[in-house]
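Coordinates as given in my_file_27.csv (CSV, C-alpha atoms):
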chain,number,residue,atom,x,y,z
A,1,MET,CA,0.0,0.0,0.0
A,2,ASN,CA,2.8,2.3,1.0
A,3,ASN,CA,4.7,1.4,-2.0
A,4,THR,CA,1.9,2.2,-4.5
A,5,LYS,CA,1.4,5.6,-2.8
A,6,LYS,CA,5.1,6.3,-3.2
A,7,THR,CA,5.1,5.4,-6.8
A,8,ILE,CA,2.1,7.6,-7.5
A,9,LYS,CA,3.7,10.5,-5.8
A,10,LEU,CA,6.9,9.9,-7.7
A,11,SER,CA,5.1,9.8,-11.0
A,12,TYR,CA,3.3,13.0,-10.2
A,13,THR,CA,6.5,14.8,-9.5
A,14,ILE,CA,8.1,13.5,-12.7
A,15,VAL,CA,5.1,14.6,-14.8
A,16,THR,CA,5.1,18.1,-13.2
A,17,ILE,CA,8.8,18.4,-13.8
A,18,LEU,CA,8.4,17.4,-17.5
A,19,ILE,CA,5.6,19.8,-18.0
A,20,ILE,CA,7.7,22.6,-16.5
A,21,ILE,CA,10.6,21.7,-18.8
A,22,THR,CA,8.5,21.8,-21.9
A,23,PHE,CA,6.9,25.0,-20.9
A,24,SER,CA,10.3,26.6,-20.3
A,25,ILE,CA,11.6,25.2,-23.6
A,26,VAL,CA,8.7,26.6,-25.6
A,27,THR,CA,8.9,30.0,-24.0
A,28,TYR,CA,12.7,30.0,-24.5
A,29,LYS,CA,12.2,29.2,-28.2
A,30,ASN,CA,9.6,31.9,-28.6
A,31,THR,CA,11.9,34.5,-27.1
A,32,LEU,CA,14.7,33.3,-29.4
A,33,ALA,CA,12.4,33.6,-32.4
A,34,SER,CA,11.3,37.1,-31.4
A,35,ASP,CA,14.9,38.1,-31.0
A,36,GLU,CA,15.7,36.9,-34.4
A,37,ALA,CA,12.8,38.8,-36.0
A,38,VAL,CA,14.0,42.0,-34.3
A,39,ASP,CA,17.5,41.3,-35.5
A,40,ASN,CA,16.3,40.8,-39.1
A,41,GLU,CA,14.5,44.1,-39.1
A,42,SER,CA,17.2,46.1,-37.6
A,43,LYS,CA,20.2,45.0,-39.7
A,44,LYS,CA,19.3,43.4,-43.0
A,45,THR,CA,22.3,42.7,-45.1
A,46,PRO,CA,21.2,43.6,-48.6
A,47,LYS,CA,22.9,40.6,-50.2
A,48,TYR,CA,20.9,37.9,-48.4
A,49,SER,CA,17.7,39.8,-47.7
A,50,LYS,CA,17.0,39.9,-51.4
A,51,PHE,CA,17.6,36.2,-51.7
A,52,PHE,CA,15.1,35.4,-48.9
A,53,ASP,CA,12.6,37.9,-50.3
A,54,GLU,CA,12.6,36.1,-53.6
A,55,LYS,CA,12.7,32.6,-52.2
A,56,THR,CA,9.9,32.8,-49.7
A,57,LYS,CA,8.7,29.3,-50.7
A,58,TRP,CA,10.2,26.3,-52.3
A,59,CYS,CA,8.7,24.0,-54.8
A,60,ASP,CA,6.6,21.1,-53.5
A,61,ALA,CA,6.5,18.5,-56.2
A,62,LEU,CA,8.2,17.3,-59.4
A,63,VAL,CA,5.9,16.0,-62.1
A,64,ILE,CA,7.4,13.7,-64.7
A,65,THR,CA,5.2,13.0,-67.7
A,66,CYS,CA,5.1,12.3,-71.4
A,67,THR,CA,5.1,14.8,-74.2
A,68,ASP,CA,2.0,13.4,-75.9
A,69,PHE,CA,-0.3,16.1,-77.2
A,70,ARG,CA,-3.5,14.1,-76.4
A,71,PHE,CA,-2.7,14.1,-72.8
A,72,THR,CA,-1.2,17.6,-72.2
A,73,THR,CA,-4.4,19.4,-71.3
A,74,ALA,CA,-5.8,16.6,-69.2
A,75,THR,CA,-2.6,16.2,-67.4
A,76,GLN,CA,-2.5,19.9,-66.6
A,77,GLU,CA,-6.0,19.9,-65.2
A,78,PHE,CA,-5.2,16.7,-63.2
A,79,ILE,CA,-2.2,18.3,-61.6
A,80,ASN,CA,-3.5,21.8,-61.2
A,81,ASP,CA,-6.9,21.1,-59.9
A,82,ARG,CA,-7.3,17.5,-58.8
A,83,LEU,CA,-3.9,17.2,-57.0
A,84,GLY,CA,-4.0,20.9,-56.0
A,85,LEU,CA,-0.4,21.6,-56.9
A,86,LYS,CA,-1.0,24.7,-58.9
A,87,ASP,CA,2.1,27.0,-59.2
A,88,ASN,CA,3.9,24.6,-57.0
A,89,TYR,CA,5.5,22.0,-59.2
A,90,ASP,CA,8.3,21.5,-61.6
A,91,TYR,CA,7.0,20.1,-64.9
A,92,ILE,CA,9.4,17.7,-66.7
A,93,SER,CA,8.0,16.2,-69.8
A,94,ILE,CA,10.2,14.0,-72.0
A,95,PRO,CA,9.1,11.7,-74.8
A,96,GLY,CA,8.2,8.3,-73.3
A,97,SER,CA,8.1,9.6,-69.7
A,98,ILE,CA,10.1,7.2,-67.5
A,99,ARG,CA,11.1,5.0,-70.4
A,100,ASN,CA,14.3,7.1,-70.6
A,101,LEU,CA,15.0,6.4,-67.0
A,102,LEU,CA,15.0,2.6,-67.6
A,103,ASP,CA,17.2,2.8,-70.6
A,104,PRO,CA,20.7,2.2,-69.2
A,105,LYS,CA,22.2,4.5,-71.9
A,106,THR,CA,20.4,7.6,-70.8
A,107,ARG,CA,19.8,6.7,-67.1
A,108,ASP,CA,22.6,8.8,-65.7
A,109,LEU,CA,21.8,11.8,-67.7
A,110,VAL,CA,18.1,11.6,-66.8
A,111,LEU,CA,18.8,11.2,-63.1
A,112,ASN,CA,21.3,14.1,-63.2
A,113,THR,CA,18.7,16.3,-64.9
A,114,PHE,CA,16.2,15.3,-62.2
A,115,GLY,CA,18.8,16.1,-59.7
A,116,VAL,CA,18.7,19.8,-60.8
A,117,SER,CA,15.2,20.0,-59.6
A,118,PHE,CA,16.1,18.5,-56.2
A,119,ARG,CA,19.2,20.7,-55.7
A,120,LEU,CA,17.7,24.0,-56.8
A,121,HIS,CA,14.1,23.7,-55.9
A,122,HIS,CA,14.1,21.3,-53.0
A,123,VAL,CA,11.1,19.2,-54.1
A,124,LYS,CA,9.7,16.8,-51.5
A,125,ARG,CA,7.7,14.5,-53.7
A,126,VAL,CA,7.6,13.1,-57.2
A,127,VAL,CA,4.6,12.4,-59.3
A,128,ILE,CA,5.2,10.1,-62.3
A,129,LEU,CA,2.5,9.8,-64.9
A,130,GLY,CA,2.5,7.0,-67.5
A,131,HIS,CA,-0.2,6.6,-70.1
A,132,GLN,CA,-1.9,4.3,-72.5
A,133,ASP,CA,-1.0,4.2,-76.2
A,134,CYS,CA,2.4,5.8,-75.8
A,135,THR,CA,3.8,6.0,-79.3
A,136,THR,CA,7.1,7.7,-78.5
A,137,GLY,CA,8.1,5.3,-75.7
A,138,TYR,CA,6.5,2.0,-76.4
A,139,GLY,CA,5.4,2.1,-80.0
A,140,GLY,CA,1.7,2.6,-79.2
A,141,SER,CA,-1.0,0.1,-78.2
A,142,LYS,CA,-0.3,-1.8,-81.4
A,143,SER,CA,2.8,-3.4,-80.0
A,144,PHE,CA,0.9,-5.0,-77.2
A,145,SER,CA,-1.4,-8.0,-77.8
A,146,GLU,CA,-4.1,-6.7,-75.4
A,147,PRO,CA,-4.8,-3.8,-73.0
A,148,ALA,CA,-4.1,-5.9,-70.0
A,149,THR,CA,-0.5,-6.7,-71.0
A,150,GLU,CA,0.1,-3.0,-71.8
A,151,TYR,CA,-1.2,-2.0,-68.4
A,152,GLU,CA,1.0,-4.6,-66.8
A,153,THR,CA,4.1,-3.6,-68.7
A,154,ILE,CA,3.8,0.1,-68.0
A,155,CYS,CA,3.0,-0.6,-64.3
A,156,LYS,CA,6.1,-2.7,-64.1
A,157,ASP,CA,8.2,0.1,-65.6
A,158,LEU,CA,6.7,2.7,-63.3
A,159,LYS,CA,7.4,0.6,-60.3
A,160,LYS,CA,11.0,0.0,-61.5
A,161,ALA,CA,11.4,3.7,-62.0
A,162,ARG,CA,10.2,4.3,-58.4
A,163,ARG,CA,12.8,1.8,-57.1
A,164,LEU,CA,15.5,3.6,-59.0
A,165,MET,CA,14.4,6.9,-57.7
A,166,ARG,CA,14.4,5.6,-54.2
A,167,LEU,CA,17.9,4.3,-54.6
A,168,ARG,CA,19.2,7.7,-55.7
A,169,PHE,CA,17.0,10.0,-53.7
A,170,PRO,CA,15.8,8.1,-50.6
A,171,HIS,CA,14.1,10.9,-48.9
A,172,LEU,CA,11.5,11.5,-51.6
A,173,LYS,CA,7.9,10.2,-51.8
A,174,VAL,CA,7.0,8.8,-55.2
A,175,TYR,CA,3.5,8.6,-56.5
A,176,LEU,CA,2.6,6.7,-59.7
A,177,TYR,CA,-0.4,7.3,-61.9
A,178,TYR,CA,-1.5,5.6,-65.1
A,179,GLY,CA,-3.7,7.5,-67.5
A,180,THR,CA,-6.1,5.9,-69.9
A,181,VAL,CA,-8.3,7.6,-72.5
A,182,PHE,CA,-11.4,6.5,-74.3
A,183,PHE,CA,-13.5,8.2,-76.9
A,184,THR,CA,-17.2,8.8,-76.9
A,185,GLU,CA,-19.0,10.7,-79.7
A,186,ARG,CA,-18.4,14.2,-78.4
A,187,GLN,CA,-15.7,13.9,-75.8
A,188,ARG,CA,-12.6,12.3,-74.6
A,189,ILE,CA,-12.7,10.8,-71.1
A,190,TYR,CA,-9.4,10.5,-69.3
A,191,ASN,CA,-9.0,8.4,-66.3
A,192,PHE,CA,-6.0,8.6,-64.0
A,193,LYS,CA,-5.5,5.6,-61.7
A,194,GLN,CA,-3.1,5.6,-58.9
A,195,ILE,CA,-0.7,2.7,-58.7
A,196,LEU,CA,0.4,1.7,-55.2
B,1,MET,CA,15.1,-4.5,-0.7
B,2,LYS,CA,16.1,-1.0,-1.6
B,3,VAL,CA,17.7,-2.0,-4.9
B,4,LYS,CA,14.6,-3.9,-5.9
B,5,GLN,CA,12.4,-0.8,-5.2
B,6,MET,CA,14.8,1.4,-7.1
B,7,LYS,CA,14.5,-1.0,-10.1
B,8,LYS,CA,10.7,-0.8,-9.9
B,9,TYR,CA,10.8,3.0,-9.8
B,10,PHE,CA,13.2,3.0,-12.7
B,11,ASN,CA,10.8,1.0,-14.8
B,12,ILE,CA,8.0,3.4,-14.1
B,13,ILE,CA,10.1,6.5,-14.8
B,14,PHE,CA,11.3,5.0,-18.0
B,15,ILE,CA,7.8,4.3,-19.2
B,16,ILE,CA,6.5,7.8,-18.3
B,17,VAL,CA,9.5,9.5,-20.0
B,18,LEU,CA,9.1,7.3,-23.1
B,19,SER,CA,5.4,8.0,-23.5
B,20,TYR,CA,6.0,11.7,-22.9
B,21,PHE,CA,8.7,11.9,-25.6
B,22,ILE,CA,6.5,9.9,-28.1
B,23,SER,CA,3.5,12.1,-27.6
B,24,THR,CA,5.5,15.4,-27.8
B,25,GLY,CA,7.3,14.1,-30.9
B,26,CYS,CA,4.0,13.3,-32.6
B,27,ALA,CA,2.6,16.7,-31.6
B,28,PHE,CA,5.5,18.8,-32.8
B,29,ASN,CA,6.3,16.9,-36.0
B,30,LYS,CA,4.8,19.0,-38.8
B,31,THR,CA,7.5,18.5,-41.4
B,32,SER,CA,5.8,15.8,-43.5
B,33,SER,CA,3.6,17.1,-46.3
B,34,PRO,CA,0.1,15.7,-46.7
B,35,ASP,CA,-0.4,12.6,-48.8
B,36,LEU,CA,-1.7,12.7,-52.3
B,37,LEU,CA,-4.6,10.2,-52.1
B,38,VAL,CA,-6.3,10.9,-55.4
B,39,ASP,CA,-7.4,7.8,-57.3
B,40,ASN,CA,-9.4,7.2,-60.4
B,41,GLN,CA,-9.9,10.8,-61.5
B,42,GLN,CA,-12.0,11.2,-64.5
B,43,ILE,CA,-11.5,14.2,-66.7
B,44,ALA,CA,-13.6,14.9,-69.8
B,45,THR,CA,-12.7,17.2,-72.6
B,46,LEU,CA,-14.9,18.2,-75.5
B,47,LEU,CA,-14.0,17.2,-79.0
B,48,ASN,CA,-14.6,19.1,-82.1
B,49,PRO,CA,-15.1,16.4,-84.8
B,50,GLU,CA,-14.0,18.8,-87.6
B,51,THR,CA,-10.5,19.4,-86.3
B,52,LEU,CA,-10.0,15.9,-84.9
B,53,ARG,CA,-6.8,14.4,-86.2
B,54,SER,CA,-4.2,11.9,-85.1
B,55,ASP,CA,-1.3,14.4,-85.3
B,56,CYS,CA,-0.6,17.8,-84.0
B,57,ASP,CA,0.8,21.1,-85.3
B,58,THR,CA,3.2,22.4,-82.7
B,59,LEU,CA,6.1,21.3,-80.5
B,60,LEU,CA,6.6,23.4,-77.4
B,61,ILE,CA,10.0,23.4,-75.7
B,62,THR,CA,10.3,24.9,-72.2
B,63,CYS,CA,12.2,24.7,-68.9
B,64,ILE,CA,10.8,22.8,-65.9
B,65,ASP,CA,10.8,25.8,-63.6
B,66,TYR,CA,7.8,25.8,-61.2
B,67,ARG,CA,7.5,29.6,-61.3
B,68,PHE,CA,6.8,29.5,-65.0
B,69,ALA,CA,4.9,26.2,-65.5
B,70,VAL,CA,1.4,27.5,-65.1
B,71,ALA,CA,2.2,30.7,-67.1
B,72,ASN,CA,3.5,28.6,-69.9
B,73,GLN,CA,0.3,26.7,-70.0
B,74,GLY,CA,-1.7,29.9,-70.0
B,75,LEU,CA,0.3,31.3,-72.9
B,76,ILE,CA,0.0,28.2,-75.1
B,77,ASN,CA,-3.6,27.4,-74.3
B,78,GLU,CA,-5.2,30.8,-74.4
B,79,THR,CA,-2.9,33.3,-76.1
B,80,LEU,CA,-1.6,31.1,-78.9
B,81,LYS,CA,-4.9,29.0,-78.9
B,82,LEU,CA,-3.1,25.7,-79.4
B,83,LYS,CA,-5.1,23.7,-76.8
B,84,ASP,CA,-4.8,20.0,-77.3
B,85,ASN,CA,-2.7,20.6,-80.3
B,86,TYR,CA,0.9,20.5,-79.1
B,87,ASP,CA,3.6,18.2,-77.8
B,88,HIS,CA,5.2,19.6,-74.7
B,89,ILE,CA,8.8,18.8,-74.1
B,90,SER,CA,10.0,20.2,-70.9
B,91,ILE,CA,13.5,19.5,-69.6
B,92,PRO,CA,15.8,21.3,-67.1
B,93,GLY,CA,17.5,24.2,-68.8
B,94,GLY,CA,15.2,24.0,-71.9
B,95,ILE,CA,17.1,25.2,-74.9
B,96,TYR,CA,20.4,25.2,-73.1
B,97,ASN,CA,20.7,21.5,-73.8
B,98,LEU,CA,20.4,22.1,-77.5
B,99,VAL,CA,23.0,24.8,-77.5
B,100,THR,CA,25.6,22.7,-75.6
B,101,PRO,CA,27.2,20.2,-78.0
B,102,GLU,CA,27.2,17.2,-75.6
B,103,THR,CA,23.5,16.7,-75.3
B,104,ARG,CA,22.6,18.0,-78.8
B,105,GLU,CA,22.4,14.5,-80.4
B,106,LEU,CA,20.1,13.1,-77.7
B,107,LEU,CA,17.8,16.0,-77.9
B,108,PHE,CA,17.6,15.9,-81.6
B,109,SER,CA,16.7,12.2,-81.4
B,110,LYS,CA,13.8,13.2,-79.2
B,111,PHE,CA,12.7,16.0,-81.5
B,112,ALA,CA,12.8,13.5,-84.4
B,113,LEU,CA,10.1,11.4,-82.6
B,114,SER,CA,7.8,14.4,-82.5
B,115,VAL,CA,8.5,15.4,-86.1
B,116,LYS,CA,8.1,11.9,-87.4
B,117,LEU,CA,5.1,10.6,-85.4
B,118,HIS,CA,3.0,13.8,-85.0
B,119,LEU,CA,4.1,15.6,-88.2
B,120,ILE,CA,4.6,19.0,-86.5
B,121,ASN,CA,5.2,22.1,-88.6
B,122,ARG,CA,5.9,24.7,-86.0
B,123,VAL,CA,8.1,24.9,-82.9
B,124,VAL,CA,7.6,27.3,-80.0
B,125,ILE,CA,10.6,27.8,-77.7
B,126,ILE,CA,10.2,29.5,-74.4
B,127,SER,CA,13.2,30.5,-72.4
B,128,HIS,CA,13.2,32.3,-69.1
B,129,LYS,CA,15.4,34.5,-67.0
B,130,ASP,CA,17.1,33.3,-63.8
B,131,CYS,CA,17.4,29.8,-65.1
B,132,GLY,CA,19.1,27.3,-62.8
B,133,ALA,CA,20.8,25.5,-65.7
B,134,TYR,CA,22.8,28.7,-66.5
B,135,GLY,CA,23.5,29.2,-62.8
B,136,GLY,CA,20.8,31.8,-62.1
B,137,SER,CA,20.9,35.5,-62.8
B,138,ALA,CA,24.0,36.0,-60.7
B,139,THR,CA,26.4,34.4,-63.2
B,140,PHE,CA,25.7,36.9,-65.9
B,141,GLY,CA,26.7,40.0,-64.0
B,142,SER,CA,24.2,42.4,-65.4
B,143,GLU,CA,20.6,42.2,-66.7
B,144,ILE,CA,21.7,43.3,-70.2
B,145,ALA,CA,24.3,40.6,-70.4
B,146,GLU,CA,21.7,38.0,-69.4
B,147,ASN,CA,19.3,39.2,-72.0
B,148,GLU,CA,21.9,39.1,-74.7
B,149,THR,CA,23.1,35.6,-73.8
B,150,LEU,CA,19.6,34.2,-73.7
B,151,CYS,CA,18.6,35.8,-76.9
B,152,THR,CA,21.7,34.5,-78.7
B,153,ASP,CA,21.1,31.0,-77.4
B,154,LEU,CA,17.5,31.2,-78.6
B,155,ARG,CA,18.6,32.3,-82.0
B,156,THR,CA,21.3,29.6,-82.2
B,157,ALA,CA,18.7,27.0,-81.3
B,158,ARG,CA,16.4,28.3,-84.1
B,159,ALA,CA,19.3,28.2,-86.6
B,160,LEU,CA,20.1,24.6,-85.5
B,161,LEU,CA,16.5,23.5,-85.9
B,162,ILE,CA,16.0,25.1,-89.2
B,163,GLU,CA,19.2,23.6,-90.5
B,164,LYS,CA,18.0,20.1,-89.7
B,165,TYR,CA,14.3,20.6,-90.6
B,166,PRO,CA,14.1,23.5,-93.1
B,167,THR,CA,10.3,23.5,-93.3
B,168,LEU,CA,9.7,24.3,-89.7
B,169,GLU,CA,8.5,27.6,-88.4
B,170,VAL,CA,10.2,28.6,-85.1
B,171,ASN,CA,8.8,31.1,-82.6
B,172,LEU,CA,10.9,32.3,-79.8
B,173,PHE,CA,9.8,33.7,-76.5
B,174,LEU,CA,11.7,35.0,-73.5
B,175,GLU,CA,9.9,35.3,-70.2
B,176,SER,CA,10.8,37.1,-67.0
B,177,LEU,CA,9.3,37.6,-63.6
B,178,ALA,CA,8.0,41.1,-62.6
B,179,LYS,CA,6.8,42.1,-59.2
B,180,GLU,CA,3.6,44.1,-59.1
B,181,GLY,CA,2.9,44.7,-55.4
B,182,ALA,CA,2.6,41.4,-53.6
B,183,GLU,CA,1.9,39.5,-56.8
B,184,VAL,CA,4.5,38.2,-59.1
B,185,LYS,CA,3.6,38.3,-62.8
B,186,VAL,CA,5.2,36.7,-65.8
B,187,HIS,CA,6.0,38.8,-68.8
B,188,PHE,CA,6.5,37.3,-72.2
B,189,GLU,CA,8.6,38.9,-74.9
B,190,LYS,CA,8.7,37.7,-78.4
B,191,ILE,CA,12.2,37.5,-79.9
B,192,PRO,CA,12.3,38.2,-83.6

Would you mind writing the file's structure down as structure tokens?
Amino acid sequence: MNNTKKTIKLSYTIVTILIIITFSIVTYKNTLASDEAVDNESKKTPKYSKFFDEKTKWCDALVITCTDFRFTTATQEFINDRLGLKDNYDYISIPGSIRNLLDPKTRDLVLNTFGVSFRLHHVKRVVILGHQDCTTGYGGSKSFSEPATEYETICKDLKKARRLMRLRFPHLKVYLYYGTVFFTERQRIYNFKQIL
Amino acid sequence: MKVKQMKKYFNIIFIIVLSYFISTGCAFNKTSSPDLLVDNQQIATLLNPETLRSDCDTLLITCIDYRFAVANQGLINETLKLKDNYDHISIPGGIYNLVTPETRELLFSKFALSVKLHLINRVVIISHKDCGAYGGSATFGSEIAENETLCTDLRTARALLIEKYPTLEVNLFLESLAKEGAEVKVHFEKIP
């Protein structure tokens, strides 16, 4: 009985001490922050203040897609409105999308060019879009026997690309999407499916 | 007896401290960005059966820069009225890769795909100031020098393209950021 009381007392004291410590840390940080703000206002060195005025926010995402003209408008709407990344993404479009990444000849070059985006704009995530009937990368739907095999091949390639990206840039989140299109009488309907 | 008690207390203290650190860690961790959980998005665009073709008119070459991406789309869709009628190649540095001899071959092989498969007859090249591939505005020294260099590079690119595909029409644009109050606007300038 005595023991339990003791333990309860002890735990209470520890909790109070911890609370006091957090409180003091938070207030201390706040005072530090306010000090910094005052410092910035009082003596702005012209060289760096300009830099930080211009670079108030970094870029959030890198979008890698194909050049195909049938998909450009739909892709733009998808990224701008549906993903909500407007004015906040680097837009790389190369013929065949990630096909170039998987080709060993151009792999280093492509990864280096992607690296520009990471170095200069500090992107945090990557969105890779593949699409159906890609003539420049895969020779179109004709080269596959049926849509299912096409889907599987492109999915496999996308996943391989994700693995490569993870090896080179381990801190990034990579999202994969596969776009399909079908025609009705008056409109084209695009469907973007996420691949997990 | 005392040592045993101490051990017990130590366990309790350890658990309390651990739970405290976990909870505070969760509460203060705001660095991760929210997930993109968008699946099966359907986007419908209207078709005009009279202009429906399996090839396109124009090839657009731009840089990837996020400050200009949406402005480029605005220019090509609304101002030039080329919606759904263009291939968009966008690579870091844009035309800089064409001007430097090492990557020229590779880039031409990519252009050839567009020319061959989509039968384009016009190329629009958009270059922008403060480009990371050139090393930013700082490397040029002055604004005039930057302007000069970018314009010469654009014209060299046009000469190279016309040399290879003499029938192409090439339009050049140079864009720059201009501050208007709190907003930052993008200005386009057509290079003759």

Counting only C-alpha atoms, what are the residues of chain B within 6 Å of chain A, and for each of them which pair of atoms is the nearest and at what distance in Å, to one decimal? Sort the table by chain and rising number, as a Markdown table.
| residue | atom | partner | partner_atom | distance |
| --- | --- | --- | --- | --- |
| B:Asp39 | CA | A:Gln194 | CA | 5.1 |
| B:Asn40 | CA | A:Lys193 | CA | 4.4 |
| B:Gln41 | CA | A:Phe192 | CA | 5.1 |
| B:Gln42 | CA | A:Asn191 | CA | 4.5 |
| B:Ile43 | CA | A:Tyr190 | CA | 5.0 |
| B:Ala44 | CA | A:Ile189 | CA | 4.4 |
| B:Thr45 | CA | A:Arg188 | CA | 5.3 |
| B:Leu46 | CA | A:Gln187 | CA | 4.4 |
| B:Leu47 | CA | A:Gln187 | CA | 4.9 |
| B:Ile64 | CA | A:Tyr91 | CA | 4.8 |
| B:Asp65 | CA | A:Asp90 | CA | 5.4 |
| B:Tyr66 | CA | A:Asp90 | CA | 4.3 |
| B:Val70 | CA | A:Asp87 | CA | 6.0 |
| B:Asp84 | CA | A:Phe69 | CA | 6.0 |
| B:Asn85 | CA | A:Phe69 | CA | 6.0 |
| B:Tyr86 | CA | A:Phe69 | CA | 4.9 |
| B:Asp87 | CA | A:Phe69 | CA | 4.5 |
| B:His88 | CA | A:Thr67 | CA | 4.8 |
| B:Ile89 | CA | A:Ser93 | CA | 5.1 |
| B:Ser90 | CA | A:Ser93 | CA | 4.6 |
| B:Ile91 | CA | A:Ile92 | CA | 5.3 |

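Counting from atom CA of Asn100 of chain A, the distance to atom CA of Arg162 of chain A is 13.2 Å.
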
### Task
Might you pull out every residue within 12 Å of Arg163 of chain A, with only C-alpha atoms counted and same-chain residues fewer than 2 positions away left off, and present them as JSON, numbers by chain?
{"A": [101, 102, 156, 157, 158, 159, 160, 161, 165, 166, 167, 168, 169, 170, 172, 173, 174, 175, 176]}

Distance query Leu119 of chain B at most 7 Å, all atoms listed in the file, self and fewer than 3 positions along chain excluded, as a ChimeraX atom specification | /B:55-56,114-116

Start from the incomplete input, build N, CA and C atoms for segment 61-73 of chain A, and deliver everything as an mmCIF file, in the frame of the given file.
data_model
loop_
_atom_site.group_PDB
_atom_site.id
_atom_site.type_symbol
_atom_site.label_atom_id
_atom_site.label_comp_id
_atom_site.auth_asym_id
_atom_site.auth_seq_id
_atom_site.Cartn_x
_atom_site.Cartn_y
_atom_site.Cartn_z
ATOM 1 N N ALA A 61 6.519 19.796 -55.534
ATOM 2 C CA ALA A 61 6.500 18.500 -56.200
ATOM 3 C C ALA A 61 7.212 18.585 -57.564
ATOM 4 N N LEU A 62 7.631 17.418 -58.023
ATOM 5 C CA LEU A 62 8.200 17.300 -59.400
ATOM 6 C C LEU A 62 7.285 16.362 -60.146
ATOM 7 N N VAL A 63 6.822 16.818 -61.285
ATOM 8 C CA VAL A 63 5.900 16.000 -62.100
ATOM 9 C C VAL A 63 6.695 15.535 -63.332
ATOM 10 N N ILE A 64 6.695 14.235 -63.559
ATOM 11 C CA ILE A 64 7.400 13.700 -64.700
ATOM 12 C C ILE A 64 6.303 13.053 -65.618
ATOM 13 N N THR A 65 6.226 13.512 -66.839
ATOM 14 C CA THR A 65 5.200 13.000 -67.700
ATOM 15 C C THR A 65 5.662 12.870 -69.131
ATOM 16 N N CYS A 66 4.768 12.483 -70.018
ATOM 17 C CA CYS A 66 5.100 12.300 -71.400
ATOM 18 C C CYS A 66 4.750 13.491 -72.227
ATOM 19 N N THR A 67 5.329 13.629 -73.411
ATOM 20 C CA THR A 67 5.100 14.800 -74.200
ATOM 21 C C THR A 67 3.764 14.768 -74.987
ATOM 22 N N ASP A 68 3.132 13.623 -75.009
ATOM 23 C CA ASP A 68 2.000 13.400 -75.900
ATOM 24 C C ASP A 68 0.950 14.455 -75.942
ATOM 25 N N PHE A 69 0.578 14.943 -77.131
ATOM 26 C CA PHE A 69 -0.300 16.100 -77.200
ATOM 27 C C PHE A 69 -1.764 15.730 -76.791
ATOM 28 N N ARG A 70 -2.124 14.438 -76.841
ATOM 29 C CA ARG A 70 -3.500 14.100 -76.400
ATOM 30 C C ARG A 70 -3.657 14.188 -74.931
ATOM 31 N N PHE A 71 -2.553 14.127 -74.205
ATOM 32 C CA PHE A 71 -2.700 14.100 -72.800
ATOM 33 C C PHE A 71 -2.274 15.407 -72.074
ATOM 34 N N THR A 72 -1.740 16.374 -72.826
ATOM 35 C CA THR A 72 -1.200 17.600 -72.200
ATOM 36 C C THR A 72 -2.286 18.316 -71.362
ATOM 37 N N THR A 73 -3.416 18.589 -71.990
ATOM 38 C CA THR A 73 -4.400 19.400 -71.300
ATOM 39 C C THR A 73 -5.001 18.646 -70.102
#
